[in-house]
Amino acid sequence: MTRTVIALAALVLTATLCSTASAQNQDIVSTRDMSDINWMEFKEVVPSRINTVILPTGTLEPHGVINNGADITAPVAIARKIAREVNAMIAPIIPYGITGSMDAYPGAFSISETAYRAYVRDVMSGLAKNGFRNIVVINGHGGPQTAVLNQLATEIGQEKHVRTLVINWWSYASDVTLSVFGEDGGHAGWNETAFIQAIDPKLVHKERYSDELATPNALPGTYSAYPSPSTIGLYKEGQGYVKFDQAKADEYFAKVNQKVAKLIIDTRRKWDMAGLFEK
């Protein structure tokens, strides 16, 4: 009799623990993707329960032995990885950007600054109109595109009374690059290639790689060439040549995501502490 009672109690406890764990794992929304959510559910959670949106931005350009859309793949993967942690919805990516000196390569695509500026402005305005208080741009492509995004984000913040944050993930995580790889990286260098390798190894074509594909000392601002002589541009001499280490790739991906998520959470907390644009 006693054994039966103990056994039943154990079963009840187990069921309770499982139910609690299930409740904790359940998200407050059926999907974090704005393109997948139904309008009625969106109305129920935005902005009352979710007031932050992540807008990924990228472009199409060559990246050594990884996919031309690496600047799209990376910010989308970051957004999907951290959206629940930072309690944000994910807006559809703006895939076309201002490519610049690599637009001569096959498969590259570039939008004029005038068209890009107008389109991104309307997208950000639309996100503000839909009730988002915090608009976080996770940008996958540098060059002139970064300056345009920074300016637009400030303008939209001022005009719509929303808070904006633009993150160039690879640049912000430069310290992570050094800690994981022990050296600096580059455009389509070890760090960026590793990031894509962690997301989807099928997008990495190791058999096509050669160190000869890379050009060292390609840190932005040091010199300019059109078209770019290489699709792999290393920031420092002797550093950033690609090595296909899956363990380091996975570590890098995880640590970059942690750093980006922390920045969003910390910035939002400081905005709240200062009482900026409270609604």
# chains A, B, ... in the order shown; residues from 1 in each chain; ligands from 1

call {"tool": "residues_around", "arguments": {"residues": "Gly97 (chain A)", "least_positions_apart": "2", "cutoff": "10 Å", "atoms": "only C-alpha atoms", "output": "mmCIF file with C-alpha atoms, in the first residue's frame"}}
result
data_model
loop_
_atom_site.group_PDB
_atom_site.id
_atom_site.type_symbol
_atom_site.label_atom_id
_atom_site.label_comp_id
_atom_site.auth_asym_id
_atom_site.auth_seq_id
_atom_site.Cartn_x
_atom_site.Cartn_y
_atom_site.Cartn_z
ATOM 1 C CA THR A 57 19.549 43.872 -43.947
ATOM 2 C CA GLY A 58 22.082 42.531 -46.436
ATOM 3 C CA THR A 59 23.069 42.406 -50.083
ATOM 4 C CA LEU A 60 24.151 40.004 -52.819
ATOM 5 C CA GLU A 61 27.871 39.954 -53.515
ATOM 6 C CA ASP A 71 25.238 39.018 -46.000
ATOM 7 C CA ILE A 72 21.624 37.839 -46.013
ATOM 8 C CA ILE A 94 15.771 43.647 -47.017
ATOM 9 C CA PRO A 95 17.997 41.464 -49.227
ATOM 10 C CA THR A 99 27.221 46.506 -52.963
ATOM 11 C CA GLY A 100 29.974 48.824 -54.214
ATOM 12 C CA PHE A 109 23.546 42.998 -57.188
ATOM 13 C CA SER A 110 23.558 46.664 -56.201
ATOM 14 C CA ILE A 111 20.809 49.192 -55.510
ATOM 15 C CA SER A 112 21.356 52.906 -55.974
ATOM 16 C CA GLU A 113 21.645 54.839 -52.751
ATOM 17 C CA ALA A 115 16.367 53.941 -54.179
ATOM 18 C CA TYR A 116 17.777 52.118 -51.143
ATOM 19 C CA ARG A 117 17.379 55.098 -48.865
ATOM 20 C CA VAL A 120 14.464 51.425 -46.166
ATOM 21 C CA GLY A 140 25.073 42.050 -42.780
ATOM 22 C CA HIS A 141 26.848 44.375 -45.222
ATOM 23 C CA GLY A 142 29.254 47.263 -44.673
ATOM 24 C CA PRO A 144 28.251 52.998 -47.703
ATOM 25 C CA GLN A 145 25.251 50.930 -46.646
#

call {"tool": "select_by_dssp", "arguments": {"residues": "region 151-268 of chain A", "states": "helix (DSSP H, G or I)", "output": "number ranges by chain"}}
result
A: 151-160, 169-172, 174-181, 190-199, 201-203, 206-208, 211-213, 246-268

call {"tool": "residues_around", "arguments": {"residues": "Val123 (chain A)", "least_positions_apart": "6", "cutoff": "10 Å", "atoms": "only C-alpha atoms", "output": "list in words"}}
result
Leu55, Ala91, Pro92, Ile94 and Lys129 of chain A

call {"tool": "write_last_selection", "arguments": {"atoms": "C-alpha atoms", "output": "PDB file, in the first residue's frame"}}
result
ATOM      1  CA  LEU A  55      15.040  44.116 -39.255  1.00  0.00           C
ATOM      2  CA  ALA A  91      10.686  41.598 -40.022  1.00  0.00           C
ATOM      3  CA  PRO A  92      11.360  40.136 -43.483  1.00  0.00           C
ATOM      4  CA  ILE A  94      15.771  43.647 -47.017  1.00  0.00           C
ATOM      5  CA  LYS A 129       3.327  52.511 -37.637  1.00  0.00           C
TER       6      LYS A 129
END

call {"tool": "residues_around", "arguments": {"residues": "Phe132 (chain A)", "least_positions_apart": "2", "cutoff": "9 Å", "atoms": "only C-alpha atoms", "output": "PyMOL selection string"}}
result
chain A and resi 46-47+50-53+127-130+134-135+162

call {"tool": "write_last_selection", "arguments": {"atoms": "N, CA and C atoms", "output": "PDB file, in the first residue's frame"}}
result
ATOM      1  N   VAL A  46       1.404  42.736 -30.265  1.00  0.00           N
ATOM      2  CA  VAL A  46       2.181  43.942 -30.603  1.00  0.00           C
ATOM      3  C   VAL A  46       1.295  45.167 -30.441  1.00  0.00           C
ATOM      4  N   PRO A  47       1.672  46.133 -29.635  1.00  0.00           N
ATOM      5  CA  PRO A  47       2.912  46.238 -28.852  1.00  0.00           C
ATOM      6  C   PRO A  47       2.762  45.836 -27.386  1.00  0.00           C
ATOM      7  N   ILE A  50       4.999  42.449 -27.094  1.00  0.00           N
ATOM      8  CA  ILE A  50       6.245  42.501 -27.877  1.00  0.00           C
ATOM      9  C   ILE A  50       6.324  43.874 -28.526  1.00  0.00           C
ATOM     10  N   ASN A  51       7.308  44.675 -28.133  1.00  0.00           N
ATOM     11  CA  ASN A  51       7.418  46.021 -28.704  1.00  0.00           C
ATOM     12  C   ASN A  51       8.742  46.255 -29.423  1.00  0.00           C
ATOM     13  N   THR A  52       9.461  45.162 -29.678  1.00  0.00           N
ATOM     14  CA  THR A  52      10.748  45.239 -30.375  1.00  0.00           C
ATOM     15  C   THR A  52      10.683  44.432 -31.666  1.00  0.00           C
ATOM     16  N   VAL A  53      11.273  44.962 -32.719  1.00  0.00           N
ATOM     17  CA  VAL A  53      11.342  44.235 -33.990  1.00  0.00           C
ATOM     18  C   VAL A  53      12.784  44.246 -34.474  1.00  0.00           C
ATOM     19  N   LEU A 127       7.267  49.853 -39.787  1.00  0.00           N
ATOM     20  CA  LEU A 127       7.450  49.116 -38.529  1.00  0.00           C
ATOM     21  C   LEU A 127       7.008  49.977 -37.348  1.00  0.00           C
ATOM     22  N   ALA A 128       7.337  51.263 -37.402  1.00  0.00           N
ATOM     23  CA  ALA A 128       6.899  52.174 -36.344  1.00  0.00           C
ATOM     24  C   ALA A 128       5.377  52.301 -36.346  1.00  0.00           C
ATOM     25  N   LYS A 129       4.786  52.398 -37.514  1.00  0.00           N
ATOM     26  CA  LYS A 129       3.327  52.511 -37.637  1.00  0.00           C
ATOM     27  C   LYS A 129       2.627  51.287 -37.063  1.00  0.00           C
ATOM     28  N   ASN A 130       3.250  50.133 -37.173  1.00  0.00           N
ATOM     29  CA  ASN A 130       2.661  48.891 -36.667  1.00  0.00           C
ATOM     30  C   ASN A 130       2.797  48.738 -35.158  1.00  0.00           C
ATOM     31  N   ASN A 134      10.818  49.712 -30.438  1.00  0.00           N
ATOM     32  CA  ASN A 134      12.260  49.527 -30.636  1.00  0.00           C
ATOM     33  C   ASN A 134      12.499  48.854 -31.982  1.00  0.00           C
ATOM     34  N   ILE A 135      13.234  49.520 -32.858  1.00  0.00           N
ATOM     35  CA  ILE A 135      13.565  48.957 -34.170  1.00  0.00           C
ATOM     36  C   ILE A 135      15.059  48.666 -34.189  1.00  0.00           C
ATOM     37  N   VAL A 162      10.499  56.709 -31.878  1.00  0.00           N
ATOM     38  CA  VAL A 162      10.820  55.320 -31.551  1.00  0.00           C
ATOM     39  C   VAL A 162      12.311  55.237 -31.283  1.00  0.00           C
TER      40      VAL A 162
END

call {"tool": "select_by_dssp", "arguments": {"residues": "region 18-212 of chain A", "states": "strand (DSSP E or B)", "output": "MDAnalysis selection string"}}
result
chainID A and resid 33 52:57 60 63 66 88:90 94 109 134:139 163:168 186:187 204

call {"tool": "closest_atom_pairs", "arguments": {"of": "region 54-147 of chain A", "to": "region 166-173 of chain A", "cutoff": "7 Å", "atoms": "only C-alpha atoms", "output": "tab-separated table"}}
result
residue	atom	partner	partner_atom	distance
A:Val136	CA	A:Val166	CA	5.9
A:Val137	CA	A:Val166	CA	4.6
A:Ile138	CA	A:Ile167	CA	5.0
A:Asn139	CA	A:Asn168	CA	5.0
A:Gly140	CA	A:Asn168	CA	6.3

call {"tool": "closest_residue", "arguments": {"among": "A:Ser125, A:Thr146, A:Thr164, A:Ser101", "to": "Arg268 (chain A)", "atoms": "only C-alpha atoms"}}
result
A:Thr164

call {"tool": "closest_residue", "arguments": {"among": "A:Gly64, A:Pro106, A:Leu152, A:Pro227", "to": "Gly186 (chain A)", "atoms": "only C-alpha atoms"}}
result
A:Gly64

call {"tool": "closest_atom_pairs", "arguments": {"of": "region 57-165 of chain A", "to": "region 254-262 of chain A", "cutoff": "9 Å", "atoms": "only C-alpha atoms", "output": "JSON lines"}}
result
{"residue": "A:Ile78", "atom": "CA", "partner": "A:Asn257", "partner_atom": "CA", "distance": 6.0}
{"residue": "A:Ala79", "atom": "CA", "partner": "A:Asn257", "partner_atom": "CA", "distance": 8.7}
{"residue": "A:Lys81", "atom": "CA", "partner": "A:Asn257", "partner_atom": "CA", "distance": 7.2}
{"residue": "A:Ile82", "atom": "CA", "partner": "A:Ala261", "partner_atom": "CA", "distance": 6.1}
{"residue": "A:Ala83", "atom": "CA", "partner": "A:Ala261", "partner_atom": "CA", "distance": 8.5}
{"residue": "A:Glu85", "atom": "CA", "partner": "A:Ala261", "partner_atom": "CA", "distance": 7.3}
{"residue": "A:Val86", "atom": "CA", "partner": "A:Ala261", "partner_atom": "CA", "distance": 6.4}
{"residue": "A:Ile138", "atom": "CA", "partner": "A:Val260", "partner_atom": "CA", "distance": 9.0}

call {"tool": "decode", "arguments": {"residues": "region 171-225 of chain A", "atoms": "C-alpha atoms", "output": "tab-separated table (two decimals), in the first residue's frame"}}
result
chain	number	residue	atom	x	y	z
A	171	SER	CA	32.38	44.63	-36.62
A	172	TYR	CA	30.68	44.66	-33.23
A	173	ALA	CA	31.94	41.12	-32.63
A	174	SER	CA	35.56	41.83	-33.64
A	175	ASP	CA	36.69	40.97	-30.11
A	176	VAL	CA	34.93	37.61	-30.42
A	177	THR	CA	36.84	37.00	-33.66
A	178	LEU	CA	40.14	37.55	-31.86
A	179	SER	CA	39.18	35.41	-28.85
A	180	VAL	CA	37.91	32.45	-30.88
A	181	PHE	CA	40.39	32.41	-33.78
A	182	GLY	CA	43.37	34.14	-32.17
A	183	GLU	CA	43.66	36.53	-35.12
A	184	ASP	CA	41.75	39.12	-37.08
A	185	GLY	CA	39.42	38.22	-39.92
A	186	GLY	CA	38.19	39.87	-43.06
A	187	HIS	CA	35.50	40.01	-45.69
A	188	ALA	CA	34.81	36.34	-46.46
A	189	GLY	CA	37.81	35.57	-44.26
A	190	TRP	CA	38.03	32.90	-41.58
A	191	ASN	CA	35.50	34.59	-39.29
A	192	GLU	CA	32.75	35.24	-41.84
A	193	THR	CA	33.26	31.89	-43.53
A	194	ALA	CA	33.09	30.17	-40.14
A	195	PHE	CA	29.86	31.99	-39.33
A	196	ILE	CA	28.22	30.66	-42.48
A	197	GLN	CA	29.75	27.22	-41.86
A	198	ALA	CA	28.01	27.14	-38.48
A	199	ILE	CA	24.68	28.09	-40.04
A	200	ASP	CA	24.79	25.71	-43.01
A	201	PRO	CA	27.96	23.81	-44.02
A	202	LYS	CA	26.45	23.16	-47.45
A	203	LEU	CA	26.95	26.82	-48.28
A	204	VAL	CA	30.73	26.47	-47.84
A	205	HIS	CA	32.70	25.10	-50.82
A	206	LYS	CA	35.99	24.05	-49.24
A	207	GLU	CA	37.22	22.40	-52.43
A	208	ARG	CA	37.31	25.79	-54.16
A	209	TYR	CA	39.40	27.53	-51.53
A	210	SER	CA	42.98	28.70	-51.94
A	211	ASP	CA	44.94	31.29	-49.96
A	212	GLU	CA	45.65	32.93	-53.32
A	213	LEU	CA	42.00	34.01	-53.44
A	214	ALA	CA	42.60	36.41	-50.55
A	215	THR	CA	44.04	39.92	-50.55
A	216	PRO	CA	45.64	41.09	-47.27
A	217	ASN	CA	45.50	44.59	-45.79
A	218	ALA	CA	42.00	45.17	-47.10
A	219	LEU	CA	40.75	47.04	-44.05
A	220	PRO	CA	38.24	49.67	-45.20
A	221	GLY	CA	39.86	53.07	-45.57
A	222	THR	CA	43.37	51.82	-46.39
A	223	TYR	CA	43.06	51.87	-50.19
A	224	SER	CA	40.43	51.67	-52.90
A	225	ALA	CA	40.29	49.57	-56.08
